[in-house]
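K.L.:
This one is coords_17.txt, compact mmCIF, C-alpha atoms.
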```txt
# COMPACT_ATOMS: atom_id res chain seq x y z
CA MET G 54 10.70 -23.12 -0.71
CA THR G 55 9.17 -20.20 -2.61
CA THR G 56 11.29 -17.23 -3.67
CA LEU G 57 9.46 -13.94 -3.16
CA LEU G 58 10.42 -11.39 -5.81
CA VAL G 59 9.68 -7.67 -5.62
CA ILE G 60 10.32 -5.81 -8.88
CA ALA G 61 10.83 -2.08 -8.48
CA LYS G 62 12.42 1.14 -9.65
CA GLN G 63 14.53 3.35 -7.45
CA PRO G 64 12.09 6.13 -6.41
CA LEU G 65 13.72 9.11 -8.10
CA PRO G 66 11.85 12.25 -9.25
CA GLY G 67 10.95 12.06 -12.91
CA ARG G 68 11.57 8.31 -13.14
CA VAL G 69 8.67 6.92 -11.11
CA LYS G 70 4.95 7.59 -10.87
CA THR G 71 5.01 10.20 -13.63
CA ARG G 72 1.23 9.84 -14.06
CA LEU G 73 0.82 11.40 -10.61
CA THR G 74 2.18 14.65 -12.05
CA PRO G 75 0.13 16.80 -11.91
CA PRO G 76 -1.34 17.34 -9.34
CA PHE G 77 1.77 16.15 -7.49
CA THR G 78 5.23 17.47 -8.30
CA PRO G 79 7.87 14.98 -9.49
CA GLU G 80 9.43 15.11 -6.04
CA GLU G 81 6.10 14.42 -4.35
CA ALA G 82 5.36 11.58 -6.77
CA ALA G 83 8.74 10.03 -5.97
CA SER G 84 8.02 10.42 -2.27
CA LEU G 85 4.75 8.52 -2.69
CA ALA G 86 6.56 5.86 -4.70
CA GLU G 87 9.16 5.49 -1.96
CA ALA G 88 6.45 5.05 0.66
CA ALA G 89 4.65 2.47 -1.48
CA LEU G 90 7.89 0.57 -2.03
CA ALA G 91 8.73 0.64 1.68
CA ASP G 92 5.27 -0.71 2.55
CA THR G 93 5.57 -3.44 -0.07
CA LEU G 94 9.00 -4.54 1.12
CA THR G 95 7.91 -4.52 4.77
CA ALA G 96 4.96 -6.79 3.98
CA ALA G 97 7.09 -9.04 1.78
CA ALA G 98 9.76 -9.37 4.48
CA ARG G 99 7.15 -10.81 6.85
CA VAL G 100 6.20 -13.58 4.42
CA PRO G 101 7.97 -16.85 5.31
CA ALA G 102 9.56 -17.39 1.92
CA ALA G 103 12.83 -19.23 1.34
CA ARG G 104 14.39 -16.12 -0.24
CA HIS G 105 13.41 -12.48 -0.51
CA VAL G 106 14.76 -10.80 -3.65
CA LEU G 107 14.45 -7.18 -4.78
CA VAL G 108 14.79 -6.97 -8.55
CA LEU G 109 15.78 -3.34 -8.82
CA ASP G 110 16.21 -0.73 -11.53
CA GLY G 111 18.56 1.67 -9.78
CA ALA G 112 20.30 1.67 -6.42
CA PRO G 113 18.94 0.63 -3.02
CA GLY G 114 18.25 3.27 -0.40
CA PRO G 115 17.28 3.58 3.27
CA TRP G 116 13.82 2.22 2.40
CA LEU G 117 15.29 -1.28 1.95
CA PRO G 118 14.76 -3.50 5.02
CA PRO G 119 17.24 -6.22 5.98
CA GLY G 120 16.89 -9.71 4.59
CA PHE G 121 16.63 -8.90 0.89
CA GLN G 122 19.03 -9.95 -1.83
CA VAL G 123 19.23 -7.13 -4.39
CA VAL G 124 19.70 -8.03 -8.05
CA PRO G 125 19.63 -5.63 -11.01
CA GLN G 126 16.92 -5.72 -13.62
CA VAL G 127 18.00 -6.77 -17.09
CA ALA G 128 17.61 -4.45 -20.05
CA GLY G 129 14.50 -4.70 -22.21
CA GLY G 130 10.76 -4.37 -22.04
CA LEU G 131 8.81 -5.21 -18.92
CA ASP G 132 7.95 -8.69 -20.19
CA VAL G 133 11.67 -9.38 -20.67
CA ARG G 134 12.52 -8.06 -17.21
CA LEU G 135 9.80 -10.11 -15.53
CA ALA G 136 10.80 -13.23 -17.45
CA ALA G 137 14.43 -12.77 -16.41
CA ALA G 138 13.44 -12.41 -12.75
CA PHE G 139 11.65 -15.75 -12.89
CA ALA G 140 14.43 -17.38 -14.92
CA ALA G 141 16.88 -16.67 -12.08
CA CYS G 142 14.82 -18.84 -9.70
CA ASP G 143 15.35 -22.57 -9.45
CA GLY G 144 12.06 -23.33 -7.69
CA PRO G 145 8.61 -21.84 -7.09
CA ALA G 146 8.53 -18.04 -7.22
CA LEU G 147 6.00 -15.32 -6.47
CA LEU G 148 6.55 -11.88 -7.99
CA VAL G 149 4.88 -8.65 -6.87
CA GLY G 150 5.32 -5.06 -7.96
CA MET G 151 5.86 -1.88 -5.93
CA ASP G 152 2.52 -0.25 -6.74
CA THR G 153 0.27 -2.00 -4.19
CA PRO G 154 1.27 -0.74 -0.73
CA GLN G 155 -1.94 -2.25 0.67
CA ILE G 156 -0.64 -5.82 0.43
CA THR G 157 -0.21 -7.75 3.66
CA PRO G 158 1.45 -11.07 4.51
CA GLU G 159 -2.06 -12.51 4.87
CA ILE G 160 -2.91 -11.54 1.28
CA LEU G 161 0.28 -13.15 -0.02
CA ALA G 162 0.23 -16.26 2.15
CA PRO G 163 -2.01 -18.45 -0.08
CA ALA G 164 0.46 -18.09 -2.95
CA LEU G 165 3.10 -20.00 -0.98
CA CYS G 166 0.97 -23.14 -1.26
CA TRP G 167 1.54 -25.23 -4.38
CA GLU G 168 -0.22 -28.52 -3.60
CA ALA G 169 -3.31 -27.66 -5.64
CA HIS G 170 -1.94 -24.93 -7.90
CA ASP G 171 0.72 -24.51 -10.55
CA ALA G 172 0.34 -20.73 -10.69
CA TRP G 173 -1.12 -17.81 -8.76
CA PHE G 174 -2.50 -14.64 -10.33
CA GLY G 175 -3.37 -11.30 -8.76
CA ALA G 176 -5.37 -9.12 -11.13
CA ALA G 177 -5.29 -5.32 -10.93
CA VAL G 178 -8.30 -3.05 -11.25
CA ASP G 179 -6.81 -1.33 -14.31
CA GLY G 180 -6.60 -4.58 -16.28
CA GLY G 181 -3.01 -5.44 -15.43
CA PHE G 182 -1.75 -7.70 -12.69
CA TRP G 183 0.02 -7.03 -9.41
CA ALA G 184 1.18 -10.57 -8.57
CA LEU G 185 2.22 -13.67 -10.47
CA GLY G 186 3.35 -16.94 -8.97
CA LEU G 187 4.78 -19.91 -10.85
CA ALA G 188 5.59 -23.31 -9.37
CA VAL G 189 7.94 -23.83 -12.32
CA PRO G 190 9.23 -20.38 -13.33
CA ASP G 191 9.11 -20.68 -17.12
CA PRO G 192 10.15 -17.36 -18.74
CA ALA G 193 8.23 -18.28 -21.91
CA LEU G 194 4.99 -17.71 -20.02
CA LEU G 195 5.78 -13.97 -19.90
CA LEU G 196 7.80 -13.19 -23.00
CA GLY G 197 5.71 -11.37 -25.57
CA VAL G 198 2.87 -10.45 -23.22
CA PRO G 199 1.96 -6.81 -24.01
CA MET G 200 2.52 -4.74 -20.90
CA SER G 201 0.88 -1.57 -19.56
CA ARG G 202 -2.32 -2.13 -21.53
CA PRO G 203 -5.92 -2.63 -20.38
CA ASP G 204 -5.73 -6.26 -21.57
CA THR G 205 -2.34 -7.12 -20.06
CA GLY G 206 -3.84 -9.14 -17.23
CA ALA G 207 -6.24 -10.98 -19.53
CA VAL G 208 -3.44 -11.91 -21.93
CA GLN G 209 -1.18 -13.08 -19.10
CA HIS G 210 -3.94 -15.11 -17.48
CA ALA G 211 -4.78 -16.67 -20.86
CA ARG G 212 -1.12 -17.72 -21.17
CA LEU G 213 -1.40 -19.59 -17.88
CA ARG G 214 -4.62 -21.32 -18.95
CA ALA G 215 -3.22 -22.22 -22.35
CA ALA G 216 -0.27 -23.88 -20.63
CA GLY G 217 -2.70 -26.02 -18.66
CA LEU G 218 -1.67 -24.54 -15.32
CA ARG G 219 -3.98 -24.86 -12.33
CA THR G 220 -4.18 -21.18 -11.43
CA GLY G 221 -5.28 -19.79 -8.09
CA SER G 222 -6.61 -16.26 -7.73
CA LEU G 223 -5.35 -13.62 -5.33
CA PRO G 224 -7.53 -10.59 -4.49
CA VAL G 225 -8.08 -7.95 -7.17
CA LEU G 226 -6.18 -4.85 -6.04
CA CYS G 227 -5.83 -1.26 -7.21
CA ASP G 228 -2.38 -0.27 -8.46
CA VAL G 229 -1.26 3.26 -7.66
CA ASP G 230 -0.85 4.85 -11.08
CA THR G 231 -2.95 8.01 -10.98
CA ALA G 232 -3.81 10.57 -8.32
CA ARG G 233 -7.29 9.05 -8.07
CA ASP G 234 -5.71 5.63 -7.43
CA ALA G 235 -3.46 7.15 -4.77
CA ARG G 236 -6.41 8.68 -2.95
CA TYR G 237 -8.35 5.41 -3.06
CA VAL G 238 -5.47 3.24 -1.85
CA ALA G 239 -4.56 5.69 0.92
CA ALA G 240 -8.14 5.55 2.19
CA GLU G 241 -8.32 1.76 1.96
CA ALA G 242 -4.93 1.19 3.63
CA SER G 243 -4.86 3.81 6.36
CA TRP G 244 -2.20 1.93 8.36
CA THR G 245 0.48 2.30 5.68
CA ARG G 246 3.37 4.70 5.21
CA PHE G 247 1.80 5.44 1.86
CA ALA G 248 -1.41 6.69 3.48
CA ALA G 249 0.53 8.86 5.93
CA ARG G 250 2.65 10.32 3.14
CA HIS G 251 -0.40 10.96 0.99
CA ALA G 252 -2.15 12.70 3.87
CA ARG G 253 0.84 14.94 4.47
CA LEU G 254 1.19 15.88 0.81
CA THR G 255 -2.49 16.65 0.34
CA ALA G 256 -3.12 18.38 3.69
CA SER G 257 -2.74 21.87 2.26
CA THR G 258 -4.36 21.13 -1.11
CA ALA G 259 -7.39 19.07 -0.14
CA GLY G 260 -9.44 18.18 -3.18
CA THR G 261 -6.76 18.82 -5.80
CA ALA G 262 -5.49 15.23 -6.04
CA SER G 263 -8.61 13.76 -7.55
```
So that I can check it, write out the structure of this file as structure tokens.

P.N.:
Amino acid sequence: MTTLLVIAKQPLPGRVKTRLTPPFTPEEAASLAEAALADTLTAAARVPAARHVLVLDGAPGPWLPPGFQVVPQVAGGLDVRLAAAFAACDGPALLVGMDTPQITPEILAPALCWEAHDAWFGAAVDGGFWALGLAVPDPALLLGVPMSRPDTGAVQHARLRAAGLRTGSLPVLCDVDTARDARYVAAEASWTRFAARHARLTASTAGTAS
């Protein structure tokens, strides 16, 4: 009965993926963000969760597949917004971001199993985390965790351990934050919309997005 949460921003130029600029323009960065979000939502939709919820900053667009409930993000820092997303769930919940278009239903599937685990954690290469699952979605486990820092993942994982939660590990994945990340993820996930979009945007400027 797990709720699958995807937390995301509407992919608008100047509001998303600003660290991709340069070498990409704000419009190109937003285009890459849209492709990453579409890939993430497509994978999430194929996971047999009880509910699929998009926790969105902004308005939905044509990239949103059917089957998702859309709820607005609350105001505040990222820790507050993540905590609120979990607080709105009355049972087990798994939350993922929009920056890992390489996820697949097979990667997410273990985190729907709670018999031997109280939490699931997906670490990111940059020191953050791309997924967090809680059998009992306690907002206090997230509030006050410093976000967007090299030690964010370590601090969040320590919170889970300190609470005595049996925590399972999901694969370590690379978030798309920089142009180098984008190139790496596109190469690793060649089947995705993100990879196709990246190839199109870099076709005439090979070697500049590094």

K.L.:
Around (-3.3, -27.5, -11.1) in the file's frame, which residues reach within 9 Å when counting only C-alpha atoms? Return as a ChimeraX atom specification?

P.N.:
/G:167-172,217-221

K.L.:
By how many Å are CA of Leu85 in chain G and CA of Ile60 in chain G apart?

P.N.:
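Rounded to one decimal, the two atoms are 16.6 Å apart.
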
K.L.:
Which residues are near Val178 in chain G? Cut-off 9 Å, all atoms listed in the file, ignore same chain within fewer than 4 positions. Put them as a VMD selection string.

P.N.:
chain G and resid 182 225 to 228

K.L.:
I need the residue nearest Thr245 in chain G from this list: G:Ala83, G:Ala103, G:Val149, G:Ala96. Use only C-alpha atoms for the distance.

P.N.:
G:Ala96

K.L.:
Could you give me, as a count of residues only, the residues that have an atom at most 9 Å away from the point (6.6, -14.4, 4.9) in the coordinates of the file, using all atoms listed in the file?

P.N.:
15

K.L.:
Tell me, counting all atoms listed in the file, for each residue of range 60-164 of chain G within 12 Å of range 231-239 of chain G, which pair of atoms is nearest and how far apart they are in Å to one decimal, in rows ordered by chain and increasing number, as a tab-separated table.

P.N.:
```
residue	atom	partner	partner_atom	distance
G:Val69	CA	G:Thr231	CA	11.7
G:Lys70	CA	G:Thr231	CA	7.9
G:Thr71	CA	G:Thr231	CA	8.7
G:Arg72	CA	G:Thr231	CA	5.5
G:Leu73	CA	G:Thr231	CA	5.1
G:Thr74	CA	G:Ala232	CA	8.2
G:Pro75	CA	G:Ala232	CA	8.2
G:Pro76	CA	G:Ala232	CA	7.3
G:Phe77	CA	G:Ala232	CA	7.9
G:Thr78	CA	G:Ala232	CA	11.4
G:Glu81	CA	G:Ala232	CA	11.3
G:Ala82	CA	G:Ala232	CA	9.4
G:Leu85	CA	G:Ala235	CA	8.6
G:Ala86	CA	G:Ala235	CA	10.1
G:Ala88	CA	G:Ala239	CA	11.0
G:Ala89	CA	G:Ala235	CA	9.9
G:Asp92	CA	G:Ala239	CA	11.8
G:Asp152	CA	G:Ala235	CA	9.7
G:Thr153	CA	G:Val238	CA	8.1
G:Pro154	CA	G:Val238	CA	7.9
G:Gln155	CA	G:Val238	CA	7.0
G:Ile156	CA	G:Val238	CA	10.5
```

K.L.:
Extending 6 Å beyond the listed atoms of range 104-109 of chain G on each side, what axis-aligned box results? I want centre and edge lengths in Å to one decimal, as JSON.

P.N.:
```
{"center_x": 14.6, "center_y": -9.7, "center_z": -4.5, "size_x": 14.4, "size_y": 24.8, "size_z": 20.6}
```

K.L.:
Enter the distance from CA of Pro224 in chain G to CA of Ala184 in chain G, in Å, rounded to one decimal.

P.N.:
9.6 Å
